[in-house]
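Structure below is upload.cif: mmCIF, C-alpha atoms and all ligand atoms.
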```cif
data_query
#
loop_
_atom_site.group_PDB
_atom_site.id
_atom_site.type_symbol
_atom_site.label_atom_id
_atom_site.label_comp_id
_atom_site.auth_asym_id
_atom_site.auth_seq_id
_atom_site.Cartn_x
_atom_site.Cartn_y
_atom_site.Cartn_z
ATOM 1 C CA MET S 460 -1.206 3.844 -6.852
ATOM 2 C CA HIS S 461 -0.530 2.190 -3.538
ATOM 3 C CA GLU S 462 -3.857 0.339 -3.594
ATOM 4 C CA ALA S 463 -2.251 -2.176 -6.015
ATOM 5 C CA SER S 464 0.544 -2.960 -3.582
ATOM 6 C CA ILE S 465 -1.988 -3.312 -0.764
ATOM 7 C CA ALA S 466 -4.044 -5.695 -2.924
ATOM 8 C CA ASN S 467 -0.898 -7.749 -3.631
ATOM 9 C CA SER S 468 -0.095 -7.878 0.090
ATOM 10 C CA ILE S 469 -3.616 -9.061 0.919
ATOM 11 C CA LEU S 470 -3.485 -11.726 -1.803
ATOM 12 C CA GLN S 471 -0.087 -12.883 -0.552
ATOM 13 C CA ILE S 472 -1.519 -13.316 2.943
ATOM 14 C CA VAL S 473 -4.458 -15.262 1.510
ATOM 15 C CA THR S 474 -2.217 -17.602 -0.521
ATOM 16 C CA ASP S 475 0.072 -18.120 2.468
ATOM 17 C CA LYS S 476 -2.937 -19.135 4.543
ATOM 18 C CA LEU S 477 -4.164 -21.370 1.753
ATOM 19 C CA SER S 478 -0.806 -23.110 1.349
ATOM 20 C CA THR S 479 -0.436 -23.759 5.077
ATOM 21 C CA THR S 480 -3.999 -24.980 5.664
ATOM 22 C CA PRO S 481 -4.431 -28.709 5.061
ATOM 23 C CA HIS S 482 -7.355 -29.814 2.876
ATOM 24 C CA SER S 483 -8.090 -26.314 1.571
ATOM 25 C CA GLN S 484 -8.413 -25.826 -2.163
ATOM 26 C CA ALA S 485 -9.309 -22.180 -2.768
ATOM 27 C CA ALA S 486 -9.996 -18.871 -1.073
ATOM 28 C CA ARG S 487 -13.590 -17.715 -1.145
ATOM 29 C CA ARG S 488 -13.485 -14.427 0.703
ATOM 30 C CA VAL S 489 -11.186 -12.095 2.592
ATOM 31 C CA HIS S 490 -12.487 -9.441 4.960
ATOM 32 C CA ILE S 491 -10.332 -6.438 5.791
ATOM 33 C CA ILE S 492 -10.781 -3.209 7.726
ATOM 34 C CA VAL S 493 -9.168 0.033 6.630
ATOM 35 C CA GLY S 494 -8.850 3.083 8.868
ATOM 36 C CA ALA S 495 -10.096 6.337 7.378
ATOM 37 C CA PHE S 496 -6.664 7.874 8.010
ATOM 38 C CA ARG S 497 -4.839 5.264 5.916
ATOM 39 C CA ASN S 498 -5.692 7.223 2.786
ATOM 40 C CA VAL S 499 -6.833 4.109 0.907
ATOM 41 C CA ASP S 500 -9.468 4.460 -1.796
ATOM 42 C CA LEU S 501 -11.721 1.425 -1.412
ATOM 43 C CA ASP S 502 -12.960 1.497 -5.021
ATOM 44 C CA SER S 503 -9.369 1.530 -6.287
ATOM 45 C CA LEU S 504 -8.450 -1.240 -3.872
ATOM 46 C CA GLN S 505 -11.396 -3.342 -5.043
ATOM 47 C CA PHE S 506 -10.478 -2.739 -8.681
ATOM 48 C CA ALA S 507 -6.830 -3.674 -8.081
ATOM 49 C CA PHE S 508 -7.806 -6.769 -6.103
ATOM 50 C CA ASP S 509 -10.206 -7.996 -8.791
ATOM 51 C CA ASN S 510 -7.554 -7.536 -11.474
ATOM 52 C CA LEU S 511 -4.716 -9.168 -9.532
ATOM 53 C CA ARG S 512 -6.425 -12.104 -7.828
ATOM 54 C CA GLY S 513 -6.158 -14.313 -10.933
ATOM 55 C CA LEU S 514 -2.367 -14.239 -10.568
ATOM 56 C CA TYR S 515 -2.546 -15.963 -7.190
ATOM 57 C CA HIS S 516 -3.129 -19.680 -6.860
ATOM 58 C CA GLY S 517 -6.592 -20.452 -5.509
ATOM 59 C CA CYS S 518 -7.701 -16.810 -5.453
ATOM 60 C CA VAL S 519 -9.415 -16.375 -8.816
ATOM 61 C CA ASN S 520 -12.876 -16.428 -7.202
ATOM 62 C CA CYS S 521 -11.874 -14.783 -3.926
ATOM 63 C CA GLU S 522 -14.086 -11.846 -2.956
ATOM 64 C CA LEU S 523 -12.688 -8.827 -1.163
ATOM 65 C CA GLU S 524 -14.871 -7.295 1.532
ATOM 66 C CA ALA S 525 -13.331 -4.038 2.728
ATOM 67 C CA ASP S 526 -14.840 -1.930 5.517
ATOM 68 C CA MET S 527 -13.762 1.618 6.242
ATOM 69 C CA ILE S 528 -13.359 2.358 9.956
ATOM 70 C CA SER S 529 -13.866 6.000 10.850
ATOM 71 C CA ALA S 530 -11.210 7.757 12.877
ATOM 72 C CA ARG S 531 -11.655 8.581 16.587
ATOM 73 C CA ALA S 532 -9.557 11.045 18.480
ATOM 74 C CA ILE S 533 -9.230 12.944 21.754
ATOM 75 C CA CYS S 534 -8.660 16.662 21.381
ATOM 76 C CA LEU S 535 -5.502 18.214 22.741
ATOM 77 C CA GLU S 536 -6.864 20.486 25.440
ATOM 78 C CA GLY S 537 -10.507 19.634 26.159
ATOM 79 C CA ASN S 538 -10.175 15.853 26.374
ATOM 80 C CA HIS S 539 -13.269 15.453 24.158
ATOM 81 C CA LYS S 540 -13.703 12.285 22.112
ATOM 82 C CA TYR S 541 -14.712 12.919 18.510
ATOM 83 C CA SER S 542 -14.392 11.766 14.911
ATOM 84 C CA PRO S 543 -11.869 13.993 13.148
ATOM 85 C CA ASP S 544 -12.433 14.659 9.487
ATOM 86 C CA PHE S 545 -10.915 16.649 6.687
ATOM 87 C CA ALA S 546 -13.988 18.887 6.256
ATOM 88 C CA HIS S 547 -13.431 20.309 9.761
ATOM 89 C CA ALA S 548 -9.632 20.401 9.483
ATOM 90 C CA PHE S 549 -9.557 17.491 11.976
ATOM 91 C CA ARG S 550 -10.562 19.854 14.773
ATOM 92 C CA CYS S 551 -12.712 19.077 17.805
ATOM 93 C CA PRO S 552 -16.385 20.112 17.245
ATOM 94 C CA VAL S 553 -16.739 21.164 20.902
ATOM 95 C CA CYS S 554 -13.675 23.304 21.555
ATOM 96 C CA GLN S 555 -12.205 23.590 18.028
ATOM 97 C CA GLY S 556 -8.912 22.240 19.365
ATOM 98 C CA PRO S 557 -6.535 20.057 17.356
ATOM 99 C CA ILE S 558 -6.080 16.309 17.724
ATOM 100 C CA GLY S 559 -4.261 15.393 20.911
ATOM 101 C CA LYS S 560 -4.294 11.643 20.418
ATOM 102 C CA LEU S 561 -5.599 9.446 17.596
ATOM 103 C CA LEU S 562 -7.493 6.465 19.068
ATOM 104 C CA CYS S 563 -8.188 4.629 15.831
ATOM 105 C CA GLY S 564 -8.307 5.225 12.098
ATOM 106 C CA GLU S 565 -4.922 3.910 10.983
ATOM 107 C CA GLU S 566 -5.883 0.232 10.797
ATOM 108 C CA LEU S 567 -5.181 -1.954 7.802
ATOM 109 C CA ASP S 568 -5.948 -5.452 9.006
ATOM 110 C CA VAL S 569 -7.059 -8.735 7.546
ATOM 111 C CA ILE S 570 -9.889 -9.869 9.823
ATOM 112 C CA THR S 571 -11.096 -13.114 8.276
ATOM 113 C CA ILE S 572 -10.023 -15.374 5.436
ATOM 114 C CA THR S 573 -12.653 -17.859 4.305
ATOM 115 C CA LEU S 574 -11.262 -20.920 2.547
ATOM 116 C CA GLU S 575 -13.012 -23.637 0.617
ATOM 117 C CA ALA S 576 -12.139 -26.971 2.084
ATOM 118 C CA ASN S 577 -11.726 -30.062 -0.023
ATOM 119 C CA PRO S 578 -13.993 -31.945 0.280
ATOM 120 C CA VAL S 579 -15.599 -30.969 3.601
ATOM 121 C CA GLU S 580 -17.169 -27.691 4.722
ATOM 122 C CA ALA S 581 -15.357 -24.373 4.429
ATOM 123 C CA ASN S 582 -13.467 -23.027 7.420
ATOM 124 C CA SER S 583 -12.790 -19.546 8.652
ATOM 125 C CA MET S 584 -9.414 -18.579 9.967
ATOM 126 C CA GLU S 585 -7.965 -15.466 11.422
ATOM 127 C CA GLY S 586 -4.941 -13.495 10.425
ATOM 128 C CA ILE S 587 -3.502 -10.087 11.109
ATOM 129 C CA PHE S 588 -1.990 -7.864 8.483
ATOM 130 C CA ASN S 589 0.064 -4.837 9.399
ATOM 131 C CA ALA S 590 1.195 -2.852 6.386
HETATM 132 ZN ZN ZN P 1 -12.329 19.496 22.407
#
```
Now that the file is in, can you turn its structure into structure tokens?
Ligand SMILES: [Zn+2]
Amino acid sequence: MHEASIANSILQIVTDKLSTTPHSQAARRVHIIVGAFRNVDLDSLQFAFDNLRGLYHGCVNCELEADMISARAICLEGNHKYSPDFAHAFRCPVCQGPIGKLLCGEELDVITITLEANPVEANSMEGIFNA
């Protein structure tokens, strides 16, 4: 179940951010995007995250917000842009051709980490996660 290792990686990034951010006391929320072609089950990822977050300092109340990004591709011969999917064998709906180039759909990025500051207002910071 690779969702557990992804959840651990996300939590590690969150704790690293927490430990290097002065005056922060806990993580409130982490927002990630997952490409449809990464083969990540979001329910499994959420379950793993919720069960592992207590092991990481300052993360026990951290919420995971994960958004699936659909894939976009250009077909090999017709140069059509489309959203490839398994149901259509990833083929172009216009010319039935195969994928020529994948434009997006393989992302796995941490977009925002929201920390609780102590004692002032919470801050948002940015980080990038490449698995
Ligand atoms: Zn096409």
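Counting from CA of Leu561 in chain S, the distance to CA of Ala530 in chain S is 7.5 Å.
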Expected selection as a PDB file with C-alpha atoms, in the coordinates of the input for ligand ZN 1 (chain P) within 10 Å, all atoms listed in the file:
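Final output, out.pdb:
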```
ATOM      1  CA  ALA S 532      -9.557  11.045  18.480  1.00  0.00           C
ATOM      2  CA  ILE S 533      -9.230  12.944  21.754  1.00  0.00           C
ATOM      3  CA  CYS S 534      -8.660  16.662  21.381  1.00  0.00           C
ATOM      4  CA  LEU S 535      -5.502  18.214  22.741  1.00  0.00           C
ATOM      5  CA  GLU S 536      -6.864  20.486  25.440  1.00  0.00           C
ATOM      6  CA  GLY S 537     -10.507  19.634  26.159  1.00  0.00           C
ATOM      7  CA  ASN S 538     -10.175  15.853  26.374  1.00  0.00           C
ATOM      8  CA  HIS S 539     -13.269  15.453  24.158  1.00  0.00           C
ATOM      9  CA  LYS S 540     -13.703  12.285  22.112  1.00  0.00           C
ATOM     10  CA  TYR S 541     -14.712  12.919  18.510  1.00  0.00           C
ATOM     11  CA  ARG S 550     -10.562  19.854  14.773  1.00  0.00           C
ATOM     12  CA  CYS S 551     -12.712  19.077  17.805  1.00  0.00           C
ATOM     13  CA  PRO S 552     -16.385  20.112  17.245  1.00  0.00           C
ATOM     14  CA  VAL S 553     -16.739  21.164  20.902  1.00  0.00           C
ATOM     15  CA  CYS S 554     -13.675  23.304  21.555  1.00  0.00           C
ATOM     16  CA  GLN S 555     -12.205  23.590  18.028  1.00  0.00           C
ATOM     17  CA  GLY S 556      -8.912  22.240  19.365  1.00  0.00           C
ATOM     18  CA  PRO S 557      -6.535  20.057  17.356  1.00  0.00           C
ATOM     19  CA  ILE S 558      -6.080  16.309  17.724  1.00  0.00           C
ATOM     20  CA  GLY S 559      -4.261  15.393  20.911  1.00  0.00           C
TER      21      GLY S 559
END
```
Have a look at S:Leu523, S:Ile491, S:Ala546, S:Leu501 and name the one nearest to Glu566 in chain S; count only C-alpha atoms.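 Among S:Leu523, S:Ile491, S:Ala546, S:Leu501, it is S:Ile491 that comes nearest to Glu566 in chain S.
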Measuring between all atoms listed in the file, which one of S:Val519, S:Ala495, S:Leu562, S:Leu511 shows the shortest distance to Asp544 in chain S? S:Ala495
Contacts of Arg488 in chain S within 8 Å, all atoms listed in the file, excl. fewer than 4 positions in-chain, as a PyMOL selection string: chain S and resi 521-524+572-574
Given the selection you just returned, output its residues as a file containing C-alpha atoms, formatted as a CSV table (one decimal), keeping the file's coordinate frame.
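Output file result.csv follows:
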```csv
chain,number,residue,atom,x,y,z
S,521,CYS,CA,-11.9,-14.8,-3.9
S,522,GLU,CA,-14.1,-11.8,-3.0
S,523,LEU,CA,-12.7,-8.8,-1.2
S,524,GLU,CA,-14.9,-7.3,1.5
S,572,ILE,CA,-10.0,-15.4,5.4
S,573,THR,CA,-12.7,-17.9,4.3
S,574,LEU,CA,-11.3,-20.9,2.5
```
Counting only C-alpha atoms, write as a VMD selection string all protein and nucleic acid residues lying at most 10 Å from (-8.3, -2.0, 1.6) in the file's frame. chain S and resid 462 to 463 465 to 466 469 490 to 494 497 to 505 507 to 508 523 to 527 566 to 569
Pairwise distance, CA of Lys560 in chain S with CA of Ser468 in chain S, equals 28.5 Å
Pick the closest to Pro543 in chain S from S:Tyr515, S:Phe496, S:Ile472, S:Arg487: which is it, counting all atoms listed in the file? S:Phe496
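Among the candidates S:Gly564, S:Asn467, S:His461, S:Ala576, the residue lying nearest to Leu514 in chain S is S:Asn467 (atoms considered: all atoms listed in the file).
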Determine the axis-aligned bounding box of all atoms of range 470-479 of chain S present in the file, pad each side by 8 Å, and express its centre and edge lengths in Å to one decimal place as lines of an AutoDock Vina configuration file.
```
center_x = -2.2
center_y = -17.7
center_z = 1.6
size_x = 20.5
size_y = 28.0
size_z = 22.9
```
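Atom to atom, CA of Ile528 in chain S and CA of Val489 in chain S stand 16.4 Å apart.
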Considering all atoms listed in the file, state which residue in the set S:Cys518, S:Glu575, S:Cys563, S:Phe506 is at the smallest distance from Thr480 in chain S.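 That would be S:Glu575, the residue with the smallest distance to Thr480 in chain S.
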